[in-house]
$ cat model.txt   # compact mmCIF, C-alpha atoms
# COMPACT_ATOMS: atom_id res chain seq x y z
CA LEU A 1 25.70 -18.35 -10.18
CA ILE A 2 27.89 -18.49 -13.29
CA ALA A 3 31.04 -18.48 -11.15
CA GLU A 4 29.61 -21.39 -9.16
CA GLY A 5 28.98 -23.37 -12.33
CA PHE A 6 25.19 -23.29 -11.96
CA THR A 7 23.23 -24.58 -14.96
CA PRO A 8 19.48 -23.85 -15.05
CA GLU A 9 17.06 -26.60 -16.03
CA ARG A 10 15.65 -24.31 -18.72
CA ASP A 11 17.38 -21.78 -20.96
CA ILE A 12 17.28 -18.16 -19.78
CA TYR A 13 17.58 -15.33 -22.31
CA PHE A 14 18.60 -11.78 -21.39
CA ALA A 15 17.25 -9.38 -24.00
CA PHE A 16 18.01 -5.65 -24.13
CA SER A 17 16.04 -3.58 -26.62
CA GLY A 18 17.79 -0.23 -26.23
CA GLY A 19 14.38 1.46 -26.50
CA GLU A 20 12.23 3.27 -23.96
CA GLU A 21 9.15 1.27 -22.87
CA VAL A 22 7.18 0.37 -26.04
CA ASN A 23 8.94 2.89 -28.29
CA GLY A 24 11.41 1.97 -31.02
CA GLU A 25 11.99 -1.31 -32.86
CA GLY A 26 14.31 -3.06 -30.41
CA ALA A 27 11.64 -5.26 -28.81
CA ILE A 28 10.22 -6.08 -32.26
CA ARG A 29 13.64 -7.29 -33.45
CA ILE A 30 14.00 -9.46 -30.35
CA VAL A 31 10.64 -11.13 -31.03
CA ASP A 32 11.65 -11.65 -34.67
CA TYR A 33 14.85 -13.36 -33.53
CA PHE A 34 12.97 -15.74 -31.25
CA GLU A 35 10.45 -16.64 -33.97
CA GLU A 36 13.12 -17.13 -36.65
CA ASN A 37 15.03 -19.50 -34.37
CA GLY A 38 12.00 -21.43 -33.12
CA ILE A 39 12.33 -20.17 -29.53
CA ASP A 40 9.05 -20.13 -27.59
CA PRO A 41 9.60 -18.64 -24.09
CA SER A 42 7.43 -19.96 -21.27
CA PHE A 43 7.09 -16.44 -19.86
CA VAL A 44 8.63 -12.97 -20.06
CA LEU A 45 9.74 -10.76 -17.16
CA ASP A 46 10.02 -7.08 -17.94
CA GLU A 47 12.12 -4.37 -16.29
CA GLY A 48 13.21 -6.37 -13.25
CA GLY A 49 12.97 -3.62 -10.68
CA ALA A 50 14.93 -2.66 -7.59
CA VAL A 51 15.76 -4.19 -4.24
CA VAL A 52 13.86 -2.12 -1.69
CA GLU A 53 13.51 -2.05 2.08
CA ASN A 54 10.67 -0.92 4.34
CA VAL A 55 8.30 -0.32 1.44
CA PHE A 56 5.58 -2.93 1.90
CA PRO A 57 3.61 -2.94 5.16
CA GLY A 58 4.41 -5.94 7.32
CA VAL A 59 7.55 -6.92 5.35
CA SER A 60 10.84 -6.14 7.10
CA LEU A 61 13.23 -8.03 4.80
CA PRO A 62 14.64 -6.55 1.55
CA CYS A 63 12.34 -7.23 -1.42
CA GLY A 64 13.46 -7.77 -5.00
CA LEU A 65 10.75 -6.37 -7.28
CA ILE A 66 9.97 -8.35 -10.43
CA GLY A 67 7.97 -6.60 -13.16
CA ILE A 68 5.88 -8.55 -15.65
CA ALA A 69 4.84 -5.52 -17.71
CA ASP A 70 5.39 -1.78 -17.98
CA TYR A 71 3.51 0.65 -20.19
CA ASP A 72 1.09 -0.74 -22.75
CA ASN A 73 -0.96 0.77 -25.55
CA CYS A 74 -4.32 -0.48 -24.33
CA MET A 75 -5.57 -2.83 -21.65
CA THR A 76 -9.04 -4.32 -21.17
CA PHE A 77 -10.32 -5.33 -17.73
CA THR A 78 -13.60 -7.21 -17.21
CA ASP A 79 -14.94 -8.44 -13.86
CA CYS A 80 -11.74 -7.45 -12.05
CA ALA A 81 -11.22 -6.07 -8.55
CA ASN A 82 -8.49 -4.68 -6.32
CA TYR A 83 -8.96 -4.97 -2.56
CA GLY A 84 -5.36 -4.43 -1.51
CA THR A 85 -2.97 -1.52 -1.05
CA ILE A 86 -1.33 0.02 -4.11
CA THR A 87 1.33 2.63 -3.34
CA SER A 88 3.69 4.31 -5.76
CA THR A 89 7.14 4.07 -4.20
CA TYR A 90 8.65 6.52 -6.68
CA GLN A 91 10.52 9.54 -5.30
CA PRO A 92 10.71 12.08 -8.15
CA GLU A 93 12.34 14.79 -6.06
CA THR A 94 15.45 12.63 -5.59
CA VAL A 95 15.43 10.42 -8.70
CA ARG A 96 13.87 12.01 -11.80
CA PRO A 97 12.24 15.33 -10.87
CA TYR A 98 10.51 15.74 -14.25
CA ILE A 99 8.38 12.61 -13.84
CA HIS A 100 5.55 12.21 -11.34
CA SER A 101 4.56 9.02 -9.59
CA VAL A 102 1.39 7.26 -10.74
CA ALA A 103 -0.61 4.55 -8.96
CA GLY A 104 -3.66 2.67 -10.23
CA GLY A 105 -5.64 -0.09 -8.57
CA LEU A 106 -5.55 -2.21 -11.74
CA PHE A 107 -3.60 -0.22 -14.34
CA GLY A 108 -0.95 2.48 -14.05
CA ILE A 109 -0.27 4.47 -17.24
CA GLY A 110 -1.78 3.94 -20.69
CA ASN A 111 -5.20 3.53 -22.26
CA GLY A 112 -7.72 1.17 -20.73
CA THR A 113 -11.26 -0.17 -20.89
CA PHE A 114 -12.92 -1.27 -17.65
CA GLU A 115 -16.22 -3.16 -17.37
CA ASN A 116 -17.83 -4.35 -14.13
CA CYS A 117 -14.69 -3.71 -12.08
CA VAL A 118 -14.32 -2.85 -8.39
CA ALA A 119 -11.84 -0.43 -6.82
CA ALA A 120 -11.40 -0.99 -3.08
CA GLY A 121 -8.60 -0.97 -0.54
CA THR A 122 -6.11 1.93 -0.69
CA VAL A 123 -4.38 3.58 -3.65
CA SER A 124 -1.83 6.37 -3.20
CA GLY A 125 0.63 8.19 -5.43
CA GLU A 126 1.22 11.68 -6.75
CA VAL A 127 -1.49 10.74 -9.28
CA ALA A 128 -3.82 8.03 -7.94
CA GLY A 129 -6.82 6.31 -9.51
CA GLY A 130 -8.97 3.61 -7.97
CA LEU A 131 -8.81 1.57 -11.17
CA HIS A 132 -6.65 3.52 -13.62
CA GLY A 133 -3.82 5.86 -12.67
CA GLU A 134 -3.31 7.94 -15.79
CA THR A 135 -4.44 7.75 -19.41
CA TYR A 136 -1.88 9.05 -21.86
CA GLU A 137 -2.24 9.51 -25.63
CA HIS A 138 1.53 9.14 -26.07
CA TYR A 139 1.29 5.37 -25.52
CA SER A 140 -1.26 4.75 -28.25
CA SER A 141 -1.20 4.86 -32.03
CA ASN A 142 -4.72 6.25 -31.78
CA ASP A 143 -6.21 8.92 -29.55
CA GLY A 144 -5.89 8.33 -25.85
CA VAL A 145 -8.95 6.74 -24.29
CA ALA A 146 -10.27 5.49 -20.98
CA GLU A 147 -13.69 3.84 -20.78
CA PHE A 148 -15.52 2.74 -17.64
CA SER A 149 -18.90 1.00 -17.44
CA ASP A 150 -20.68 -0.64 -14.48
CA CYS A 151 -17.70 -0.02 -12.18
CA ARG A 152 -17.68 0.71 -8.46
CA ALA A 153 -15.17 2.56 -6.31
CA ASN A 154 -15.20 2.23 -2.53
CA LEU A 155 -11.71 2.99 -1.34
CA THR A 156 -9.20 5.30 0.32
CA LEU A 157 -7.12 7.63 -1.87
CA GLY A 158 -3.93 9.54 -1.15
CA GLY A 159 -1.82 11.86 -3.31
CA LYS A 160 -2.03 15.16 -5.16
CA THR A 161 -4.47 14.34 -8.00
CA MET A 162 -6.94 11.57 -7.16
CA GLY A 163 -10.04 10.00 -8.68
CA GLY A 164 -12.26 7.11 -7.62
CA LEU A 165 -11.88 5.51 -11.07
CA LEU A 166 -9.26 7.56 -12.97
CA GLY A 167 -6.53 9.72 -11.50
CA SER A 168 -5.75 12.03 -14.39
CA ILE A 169 -5.43 12.63 -18.10
CA GLU A 170 -1.89 13.43 -19.21
CA GLU A 171 -2.35 15.41 -22.42
CA ASP A 172 -0.03 14.94 -25.40
CA ASP A 173 -0.32 16.01 -29.04
CA GLY A 174 -3.55 14.14 -29.73
CA GLU A 175 -7.05 14.06 -28.28
CA THR A 176 -7.70 12.14 -25.09
CA PHE A 177 -11.24 11.28 -24.09
CA VAL A 178 -12.88 9.60 -21.10
CA THR A 179 -16.33 8.00 -21.03
CA ILE A 180 -17.95 6.77 -17.83
CA SER A 181 -21.40 5.19 -17.57
CA ASN A 182 -23.41 3.57 -14.78
CA CYS A 183 -20.61 3.82 -12.20
CA SER A 184 -20.56 4.77 -8.52
CA SER A 185 -18.03 5.85 -5.92
CA ALA A 186 -17.63 6.25 -2.17
CA LEU A 187 -14.26 7.62 -1.04
CA LYS A 188 -12.03 8.30 1.93
CA LEU A 189 -9.10 10.71 1.80
CA ILE A 190 -5.54 10.61 3.12
CA SER A 191 -4.73 14.29 3.69
CA ASN A 192 -1.45 15.60 2.30
CA GLU A 193 0.42 17.93 4.65
CA GLU A 194 2.85 19.24 2.01
CA ALA A 195 0.89 19.91 -1.21
CA GLU A 196 -2.50 20.96 -2.52
CA GLN A 197 -4.81 18.08 -3.44
CA THR A 198 -7.43 17.60 -6.15
CA LEU A 199 -10.07 14.92 -5.63
CA GLY A 200 -12.95 13.72 -7.80
CA GLY A 201 -15.40 10.97 -6.99
CA LEU A 202 -14.82 9.51 -10.46
CA ILE A 203 -11.98 11.53 -12.06
CA GLY A 204 -9.30 13.63 -10.41
CA ASN A 205 -8.35 15.66 -13.49
CA GLY A 206 -10.03 14.89 -16.82
CA TYR A 207 -12.86 15.46 -19.24
CA GLY A 208 -15.19 13.65 -21.62
CA GLU A 209 -18.67 12.21 -20.99
CA ILE A 210 -20.23 10.93 -17.75
CA SER A 211 -23.71 9.41 -17.61
CA GLN A 212 -25.92 7.63 -15.06
CA CYS A 213 -23.35 7.79 -12.27
CA ARG A 214 -23.52 8.42 -8.53
CA ALA A 215 -21.01 9.57 -5.94
CA GLU A 216 -21.47 9.59 -2.18
CA TYR A 217 -18.87 10.47 0.40
CA SER A 218 -18.18 12.51 3.53
CA ILE A 219 -14.60 13.76 3.95
CA THR A 220 -12.76 15.58 6.71
CA HIS A 221 -9.64 17.32 5.38
CA THR A 222 -6.99 17.82 8.04
CA GLY A 223 -4.06 18.94 5.88
CA GLU A 224 -2.60 22.43 5.96
CA GLN A 225 -2.75 22.81 2.16
CA LYS A 226 -5.80 23.54 0.02
CA LEU A 227 -8.14 20.77 -1.13
CA HIS A 228 -10.10 21.02 -4.39
CA ALA A 229 -12.80 18.35 -4.24
CA ALA A 230 -16.00 17.48 -6.11
CA GLY A 231 -18.50 14.67 -6.32
CA LEU A 232 -17.62 13.60 -9.87
CA VAL A 233 -14.62 15.49 -11.32
CA GLY A 234 -12.09 17.51 -9.36
CA LYS A 235 -10.79 19.47 -12.36
CA ALA A 236 -11.89 19.53 -16.02
CA GLU A 237 -9.62 21.49 -18.35
CA GLU A 238 -11.56 20.69 -21.52
CA GLU A 239 -15.17 19.95 -22.56
CA LEU A 240 -17.10 17.82 -20.10
CA SER A 241 -20.69 16.57 -20.48
CA ILE A 242 -22.63 15.12 -17.54
CA TRP A 243 -26.16 13.75 -17.64
CA ASP A 244 -28.45 11.66 -15.44
CA CYS A 245 -26.00 11.83 -12.50
CA GLU A 246 -26.41 12.54 -8.81
CA THR A 247 -24.11 13.14 -5.84
CA ASP A 248 -24.44 13.25 -2.06
CA VAL A 249 -21.14 14.59 -0.76
CA SER A 250 -20.00 16.66 2.21
CA LEU A 251 -16.63 18.11 3.20
CA ALA A 252 -15.20 19.44 6.43
CA ASN A 253 -12.23 21.55 5.36
CA THR A 254 -10.45 24.36 7.20
CA SER A 255 -7.61 24.91 4.72
CA GLY A 256 -9.49 26.50 1.84
CA GLY A 257 -9.85 25.36 -1.75
CA THR A 258 -12.78 24.56 -4.02
CA PHE A 259 -15.68 22.25 -3.26
CA ALA A 260 -18.64 21.35 -5.48
CA GLY A 261 -21.28 18.68 -5.76
CA MET A 262 -20.19 17.57 -9.24
CA VAL A 263 -17.26 19.51 -10.78
CA GLY A 264 -14.75 21.52 -8.76
CA ILE A 265 -12.89 23.51 -11.42
CA GLY A 266 -13.83 23.42 -15.08
CA LYS A 267 -14.84 25.03 -18.36
CA ASP A 268 -17.10 24.04 -21.27
CA LEU A 269 -19.38 22.13 -18.91
CA THR A 270 -22.78 20.67 -19.84
CA PHE A 271 -25.23 19.29 -17.27
CA ASN A 272 -28.47 17.49 -18.18
CA ASN A 273 -30.97 15.99 -15.71
CA CYS A 274 -28.56 16.05 -12.75
$ encode --input "model.txt" --output "structure tokens"
Amino acid sequence: LIAEGFTPERDIYFAFSGGEEVNGEGAIRIVDYFEENGIDPSFVLDEGGAVVENVFPGVSLPCGLIGIADYDNCMTFTDCANYGTITSTYQPETVRPYIHSVAGGLFGIGNGTFENCVAAGTVSGEVAGGLHGETYEHYSSNDGVAEFSDCRANLTLGGKTMGGLLGSIEEDDGETFVTISNCSSALKLISNEEAEQTLGGLIGNGYGEISQCRAEYSITHTGEQKLHAAGLVGKAEEELSIWDCETDVSLANTSGGTFAGMVGIGKDLTFNNC
């Protein structure tokens, strides 16, 4: 465009912070520059993306991905819903093998609060959550947190670690905590032929407090690898308290694994009136 002499109707600024995601002071300095010079952008596009082919169902032409946000410290969602298909297109085995792919119906990685939200459609990734992919203390100045109230999950999940509301907790140096109240889930599973899977009606891998929730699903697992599945939480590595909850789940599985009405694998568990 520059070689052709193109001049946009509005000014376009290219800003490079030199920092990773929300770390460092680069982005802060950029904002300071804009404010000091009286520049008020109409909108901000973050991280551009890649040009990909054969990624989105029904789209045969190359697609240029435009990102409007990446990681954030904390997001709040009220009266939101996802009815579409969310698929992580990341290929860690060929790109960055030390990072896993994360997919969330509304929010990928960070700390979030969800109230009266609906998870539907299909969500798949190495870590997949109907509403929230992964909560991570690293992206917050405070302890990591994920809170869900009056939310509903009725969707199809695919991946390694999957939850109707939250995929997983990624532990860092601080304390991460999940609270879920008055939520429900009904799930379908995309079996993985290459890796073991962990599935929870509400949380794939996590801990915290769950109250007044219900999970109901019937799953047939056709993969060759083990499936660890439970009505509420697939795996709880730290303290988990559950009260006033009920599940009605069944599993047809010929590949082995762990199956339980509420928690598949866990320690420091407390159940009250369940």
$ atom_distance --input "model.txt" --atom1 "atom CA of A:Asp150" --atom2 "atom CA of A:Gly164"
13.3 Å
$ residues_around --input "model.txt" --residues "A:Ala260" --least-positions-apart "3" --cutoff "6 Å" --atoms "all atoms listed in the file" --output "ChimeraX atom specification"
/A:230,263-264
$ atom_distance --input "model.txt" --atom1 "atom CA of A:Val249" --atom2 "atom CA of A:Gly158"
17.9 Å
$ residues_around --input "model.txt" --residues "A:Glu237" --least-positions-apart "5" --cutoff "9 Å" --atoms "all atoms listed in the file" --output "PyMOL selection string"
chain A and resi 205-207+265-268
$ atom_distance --input "model.txt" --atom1 "atom CA of A:Ser101" --atom2 "atom CA of A:Gly204"
14.6 Å
$ residues_near_point --input "model.txt" --point "(-15.6, -0.3, -4.2)" --cutoff "8 Å" --atoms "all atoms listed in the file" --output "CSV table (one decimal) with C-alpha atoms, in the frame of the given file"
chain,number,residue,atom,x,y,z
A,118,VAL,CA,-14.3,-2.8,-8.4
A,119,ALA,CA,-11.8,-0.4,-6.8
A,120,ALA,CA,-11.4,-1.0,-3.1
A,121,GLY,CA,-8.6,-1.0,-0.5
A,152,ARG,CA,-17.7,0.7,-8.5
A,153,ALA,CA,-15.2,2.6,-6.3
A,154,ASN,CA,-15.2,2.2,-2.5
A,155,LEU,CA,-11.7,3.0,-1.3
A,185,SER,CA,-18.0,5.8,-5.9
A,186,ALA,CA,-17.6,6.2,-2.2
$ closest_residue --input "model.txt" --among "A:Ile30, A:Cys63, A:Val178, A:Phe43" --to "A:Phe114" --atoms "all atoms listed in the file"
A:Val178
$ closest_residue --input "model.txt" --among "A:Gly167, A:Leu106, A:Glu147, A:Ser184" --to "A:Gly125" --atoms "only C-alpha atoms"
A:Gly167
$ closest_residue --input "model.txt" --among "A:Ser124, A:Ser149, A:Ser191, A:Thr7" --to "A:Asp79" --atoms "only C-alpha atoms"
A:Ser149
$ residues_near_point --input "model.txt" --point "(-17.2, 18.0, -20.9)" --cutoff "6 Å" --atoms "only C-alpha atoms" --output "list in words"
Tyr207, Gly208, Glu209, Glu239, Leu240, Ser241 and Leu269 of chain A
$ closest_residue --input "model.txt" --among "A:Gly223, A:Gly110, A:Gly231, A:Gly163" --to "A:Asn192" --atoms "only C-alpha atoms"
A:Gly223
$ closest_residue --input "model.txt" --among "A:Cys151, A:Asn116, A:Thr76, A:Met162" --to "A:Ala103" --atoms "only C-alpha atoms"
A:Met162
